[in-house]
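Step one of this worksheet: look at the structure below.
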Amino acid sequence: MNLEKAIELVKKWIEEKRESFVTSSVKTEVIKDFPRIFEFSMDYNDCLAQIIVGDGMYTPYRFIAFEIVAFVDGGVKYIFTWYDKENDESADIIENLDKGLNFLIQQQEQNNE
């Protein structure tokens, strides 16, 4: 996998999840969409998630970072992080993107109970 394929994979995943975003009331926004970097945010109640796809040369990931923060007691707390690794295949990446989205939705459903 290279950076361009990673960006393409994440964009395809986002497109396939559009209905889930709508039915779950997750607000989404593409922050950056350039040939070598793609940033996507998801806003859901008291949580903010961001997926960054780019050159991970000086970061803890190869190409993809998925982080979710919650706003708690006037501060920000990381509640989910996932970073791709050198040997991750497309299926591994999709599985972890799904985990992150499911975590975001479940976290807010629990907070609303």
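Ordering of the structure tokens sets the chain letters (A, B, ...); residue numbers start at 1 within each chain; ligands are numbered from 1 in the order shown.
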I'd like the neighbourhood of Leu97 of chain A as a list in words, where a residue qualifies if any of its atoms comes within 12 Å (using only C-alpha atoms), though same-chain residues fewer than 6 positions away should be ignored. Leu9, Val10, Lys11, Lys12, Trp13, Ile14, Glu16, Lys17, Ala49, Gln50, Ile51, Ile52, Ile64, Ala65, Phe66, Glu67, Ile68, Phe80, Thr81, Trp82, Tyr83, Asp84, Ser90, Ala91, Phe103 and Leu104 of chain A
Selection above as a file: C-alpha atoms, as a compact mmCIF listing (two decimals), in the first residue's frame:
# COMPACT_ATOMS: atom_id res chain seq x y z
CA LEU A 9 -9.32 3.56 0.55
CA VAL A 10 -10.37 6.03 3.26
CA LYS A 11 -12.42 8.11 0.80
CA LYS A 12 -14.19 4.97 -0.39
CA TRP A 13 -14.90 3.95 3.23
CA ILE A 14 -16.36 7.40 3.94
CA GLU A 16 -19.82 3.72 1.95
CA LYS A 17 -20.59 5.05 5.47
CA ALA A 49 -13.20 12.44 15.60
CA GLN A 50 -10.58 13.05 12.96
CA ILE A 51 -9.05 10.83 10.33
CA ILE A 52 -5.80 12.04 8.83
CA ILE A 64 -3.55 6.83 8.64
CA ALA A 65 -4.42 8.23 12.07
CA PHE A 66 -7.91 7.96 13.59
CA GLU A 67 -8.42 9.84 16.85
CA ILE A 68 -11.53 10.58 18.89
CA PHE A 80 -9.97 6.29 21.00
CA THR A 81 -6.84 6.23 18.88
CA TRP A 82 -5.77 3.98 16.05
CA TYR A 83 -2.73 4.31 13.81
CA ASP A 84 -1.96 2.08 10.85
CA SER A 90 -6.80 -2.86 3.30
CA ALA A 91 -8.99 -5.22 5.34
CA PHE A 103 -16.96 3.38 19.17
CA LEU A 104 -17.91 6.99 18.46
Would you list the contacts of Met42 of chain A as an mmCIF file with C-alpha atoms, in the first residue's frame, taking every protein, DNA or RNA residue within 6 Å and counting only C-alpha atoms, but skipping same-chain residues closer than 5 positions in sequence?
data_model
loop_
_atom_site.group_PDB
_atom_site.id
_atom_site.type_symbol
_atom_site.label_atom_id
_atom_site.label_comp_id
_atom_site.auth_asym_id
_atom_site.auth_seq_id
_atom_site.Cartn_x
_atom_site.Cartn_y
_atom_site.Cartn_z
ATOM 1 C CA LYS A 27 -21.828 15.649 11.271
ATOM 2 C CA THR A 28 -18.988 15.224 8.802
ATOM 3 C CA LEU A 48 -14.927 14.991 17.820
ATOM 4 C CA ALA A 49 -13.197 12.443 15.604
#
Need to verify the contact set: Phe34 of chain A, 10 Å, only C-alpha atoms, exclusion of same-chain residues closer than 5 positions in sequence. Can you return it as a list in words?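 Everything that qualifies: Ile7, Glu39 and Gly54 of chain A.
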Produce a file of the selected residues containing N, CA and C atoms, as a short mmCIF file (atom, residue, chain, number, x, y, z; two decimals), in the first residue's frame.
data_model
loop_
_atom_site.label_atom_id
_atom_site.label_comp_id
_atom_site.auth_asym_id
_atom_site.auth_seq_id
_atom_site.Cartn_x
_atom_site.Cartn_y
_atom_site.Cartn_z
N ILE A 7 -5.28 6.98 0.75
CA ILE A 7 -6.26 8.08 0.63
C ILE A 7 -7.50 7.57 -0.10
N GLU A 39 -7.86 15.01 5.20
CA GLU A 39 -8.32 15.09 6.58
C GLU A 39 -9.84 15.15 6.59
N GLY A 54 -1.90 10.83 5.47
CA GLY A 54 -0.80 11.60 4.92
C GLY A 54 0.52 10.87 5.14
#
List every residue of chain A that DSSP, applied to the backbone of this structure, assigns to strand (DSSP E or B), and report them as a JSON list (two decimals) with N, CA and C atoms, in the first residue's frame.
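Produced file states-v5.json, reproduced below:
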[["chain", "number", "residue", "atom", "x", "y", "z"],
["A", 27, "LYS", "N", -22.16, 14.58, 12.21],
["A", 27, "LYS", "CA", -21.83, 15.65, 11.27],
["A", 27, "LYS", "C", -20.43, 15.39, 10.72],
["A", 28, "THR", "N", -20.28, 15.51, 9.43],
["A", 28, "THR", "CA", -18.99, 15.22, 8.80],
["A", 28, "THR", "C", -18.51, 16.41, 7.98],
["A", 29, "GLU", "N", -17.20, 16.48, 7.83],
["A", 29, "GLU", "CA", -16.61, 17.54, 7.01],
["A", 29, "GLU", "C", -15.25, 17.10, 6.50],
["A", 30, "VAL", "N", -15.01, 17.34, 5.23],
["A", 30, "VAL", "CA", -13.68, 17.15, 4.67],
["A", 30, "VAL", "C", -12.90, 18.43, 4.96],
["A", 31, "ILE", "N", -11.83, 18.31, 5.69],
["A", 31, "ILE", "CA", -11.01, 19.46, 6.09],
["A", 31, "ILE", "C", -9.98, 19.78, 5.01],
["A", 32, "LYS", "N", -9.28, 18.73, 4.55],
["A", 32, "LYS", "CA", -8.27, 18.88, 3.50],
["A", 32, "LYS", "C", -8.43, 17.74, 2.52],
["A", 33, "ASP", "N", -8.31, 18.05, 1.24],
["A", 33, "ASP", "CA", -8.36, 17.02, 0.20],
["A", 33, "ASP", "C", -7.36, 17.40, -0.88],
["A", 34, "PHE", "N", -6.12, 17.01, -0.64],
["A", 34, "PHE", "CA", -5.04, 17.29, -1.58],
["A", 34, "PHE", "C", -4.40, 15.96, -1.99],
["A", 37, "ILE", "N", -2.40, 14.63, 1.13],
["A", 37, "ILE", "CA", -2.98, 14.68, 2.48],
["A", 37, "ILE", "C", -4.49, 14.79, 2.39],
["A", 38, "PHE", "N", -5.15, 14.03, 3.27],
["A", 38, "PHE", "CA", -6.60, 14.05, 3.35],
["A", 38, "PHE", "C", -6.98, 14.07, 4.82],
["A", 39, "GLU", "N", -7.86, 15.01, 5.20],
["A", 39, "GLU", "CA", -8.32, 15.09, 6.58],
["A", 39, "GLU", "C", -9.84, 15.15, 6.59],
["A", 40, "PHE", "N", -10.41, 14.38, 7.49],
["A", 40, "PHE", "CA", -11.87, 14.23, 7.58],
["A", 40, "PHE", "C", -12.26, 14.29, 9.05],
["A", 41, "SER", "N", -13.29, 15.06, 9.37],
["A", 41, "SER", "CA", -13.73, 15.14, 10.77],
["A", 41, "SER", "C", -15.17, 14.67, 10.91],
["A", 42, "MET", "N", -15.44, 14.14, 12.09],
["A", 42, "MET", "CA", -16.79, 13.69, 12.47],
["A", 42, "MET", "C", -17.11, 14.32, 13.82],
["A", 43, "ASP", "N", -18.23, 14.97, 13.89],
["A", 43, "ASP", "CA", -18.65, 15.65, 15.11],
["A", 43, "ASP", "C", -19.95, 14.99, 15.57],
["A", 44, "TYR", "N", -19.93, 14.49, 16.79],
["A", 44, "TYR", "CA", -21.11, 13.78, 17.30],
["A", 44, "TYR", "C", -21.28, 14.12, 18.77],
["A", 47, "CYS", "N", -18.29, 14.61, 21.26],
["A", 47, "CYS", "CA", -17.07, 13.99, 20.74],
["A", 47, "CYS", "C", -16.71, 14.56, 19.38],
["A", 48, "LEU", "N", -15.44, 14.58, 19.12],
["A", 48, "LEU", "CA", -14.93, 14.99, 17.82],
["A", 48, "LEU", "C", -13.92, 13.95, 17.37],
["A", 49, "ALA", "N", -14.10, 13.44, 16.16],
["A", 49, "ALA", "CA", -13.20, 12.44, 15.60],
["A", 49, "ALA", "C", -12.53, 13.02, 14.37],
["A", 50, "GLN", "N", -11.30, 12.59, 14.14],
["A", 50, "GLN", "CA", -10.58, 13.05, 12.96],
["A", 50, "GLN", "C", -9.78, 11.90, 12.38],
["A", 51, "ILE", "N", -9.87, 11.78, 11.07],
["A", 51, "ILE", "CA", -9.05, 10.83, 10.33],
["A", 51, "ILE", "C", -8.10, 11.66, 9.47],
["A", 52, "ILE", "N", -6.83, 11.37, 9.62],
["A", 52, "ILE", "CA", -5.80, 12.04, 8.83],
["A", 52, "ILE", "C", -5.09, 10.98, 8.01],
["A", 53, "VAL", "N", -4.97, 11.22, 6.72],
["A", 53, "VAL", "CA", -4.21, 10.34, 5.84],
["A", 53, "VAL", "C", -3.13, 11.19, 5.20],
["A", 54, "GLY", "N", -1.90, 10.83, 5.47],
["A", 54, "GLY", "CA", -0.80, 11.60, 4.92],
["A", 54, "GLY", "C", 0.52, 10.87, 5.14],
["A", 64, "ILE", "N", -2.20, 6.51, 8.15],
["A", 64, "ILE", "CA", -3.55, 6.83, 8.64],
["A", 64, "ILE", "C", -3.57, 6.95, 10.16],
["A", 65, "ALA", "N", -4.18, 8.03, 10.64],
["A", 65, "ALA", "CA", -4.42, 8.23, 12.07],
["A", 65, "ALA", "C", -5.92, 8.46, 12.25],
["A", 66, "PHE", "N", -6.50, 7.80, 13.25],
["A", 66, "PHE", "CA", -7.91, 7.96, 13.59],
["A", 66, "PHE", "C", -7.95, 8.24, 15.09],
["A", 67, "GLU", "N", -8.38, 9.44, 15.45],
["A", 67, "GLU", "CA", -8.42, 9.84, 16.85],
["A", 67, "GLU", "C", -9.79, 10.40, 17.19],
["A", 68, "ILE", "N", -10.26, 10.06, 18.40],
["A", 68, "ILE", "CA", -11.53, 10.58, 18.89],
["A", 68, "ILE", "C", -11.27, 11.22, 20.24],
["A", 69, "VAL", "N", -11.74, 12.44, 20.41],
["A", 69, "VAL", "CA", -11.64, 13.13, 21.69],
["A", 69, "VAL", "C", -13.05, 13.41, 22.20],
["A", 70, "ALA", "N", -13.15, 13.44, 23.52],
["A", 70, "ALA", "CA", -14.41, 13.81, 24.17],
["A", 70, "ALA", "C", -14.16, 15.08, 24.98],
["A", 71, "PHE", "N", -15.17, 15.89, 25.05],
["A", 71, "PHE", "CA", -15.10, 17.11, 25.84],
["A", 71, "PHE", "C", -15.68, 16.77, 27.21],
["A", 72, "VAL", "N", -14.81, 16.72, 28.23],
["A", 72, "VAL", "CA", -15.20, 16.28, 29.57],
["A", 72, "VAL", "C", -14.74, 17.30, 30.59],
["A", 75, "GLY", "N", -12.50, 20.07, 29.61],
["A", 75, "GLY", "CA", -11.25, 19.72, 28.97],
["A", 75, "GLY", "C", -11.47, 18.73, 27.84],
["A", 76, "VAL", "N", -10.38, 18.30, 27.24],
["A", 76, "VAL", "CA", -10.42, 17.36, 26.13],
["A", 76, "VAL", "C", -9.68, 16.09, 26.54],
["A", 77, "LYS", "N", -10.30, 14.94, 26.25],
["A", 77, "LYS", "CA", -9.69, 13.66, 26.60],
["A", 77, "LYS", "C", -9.74, 12.73, 25.39],
["A", 78, "TYR", "N", -8.60, 12.13, 25.04],
["A", 78, "TYR", "CA", -8.58, 11.13, 23.98],
["A", 78, "TYR", "C", -9.30, 9.88, 24.48],
["A", 79, "ILE", "N", -10.28, 9.41, 23.73],
["A", 79, "ILE", "CA", -11.01, 8.21, 24.14],
["A", 79, "ILE", "C", -10.82, 7.06, 23.15],
["A", 80, "PHE", "N", -10.25, 7.33, 21.99],
["A", 80, "PHE", "CA", -9.97, 6.29, 21.00],
["A", 80, "PHE", "C", -8.86, 6.78, 20.09],
["A", 81, "THR", "N", -7.87, 5.93, 19.87],
["A", 81, "THR", "CA", -6.84, 6.23, 18.88],
["A", 81, "THR", "C", -6.49, 4.95, 18.14],
["A", 82, "TRP", "N", -6.26, 5.09, 16.86],
["A", 82, "TRP", "CA", -5.77, 3.98, 16.05],
["A", 82, "TRP", "C", -4.85, 4.56, 14.98],
["A", 83, "TYR", "N", -3.71, 3.91, 14.81],
["A", 83, "TYR", "CA", -2.73, 4.31, 13.81],
["A", 83, "TYR", "C", -2.34, 3.09, 12.99]]
For a test of reading the model, state the distance in Å between atom CA of Gln106 of chain A and atom CA of Thr59 of chain A, rounded to one decimal. 28.0 Å
Please determine, counting only C-alpha atoms, which residue among A:Asn2, A:Gln107, A:Asn45, A:Asn96 has the shortest atom-to-atom distance to Ser25 of chain A. A:Asn45
Using only C-alpha atoms, which of A:Met1, A:Leu101, A:Met57, A:Ile94 sits nearest Arg18 of chain A? A:Leu101
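Shortest separation to Glu8 of chain A among A:Glu95, A:Asp73, A:Ile105, A:Arg36 occurs at residue A:Arg36, atoms counted being only C-alpha atoms.
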Test item: residues at most 7 Å from Arg62 of chain A, only C-alpha atoms, excluding those fewer than 3 positions along its chain, as a ChimeraX atom specification: /A:55-56,84-86
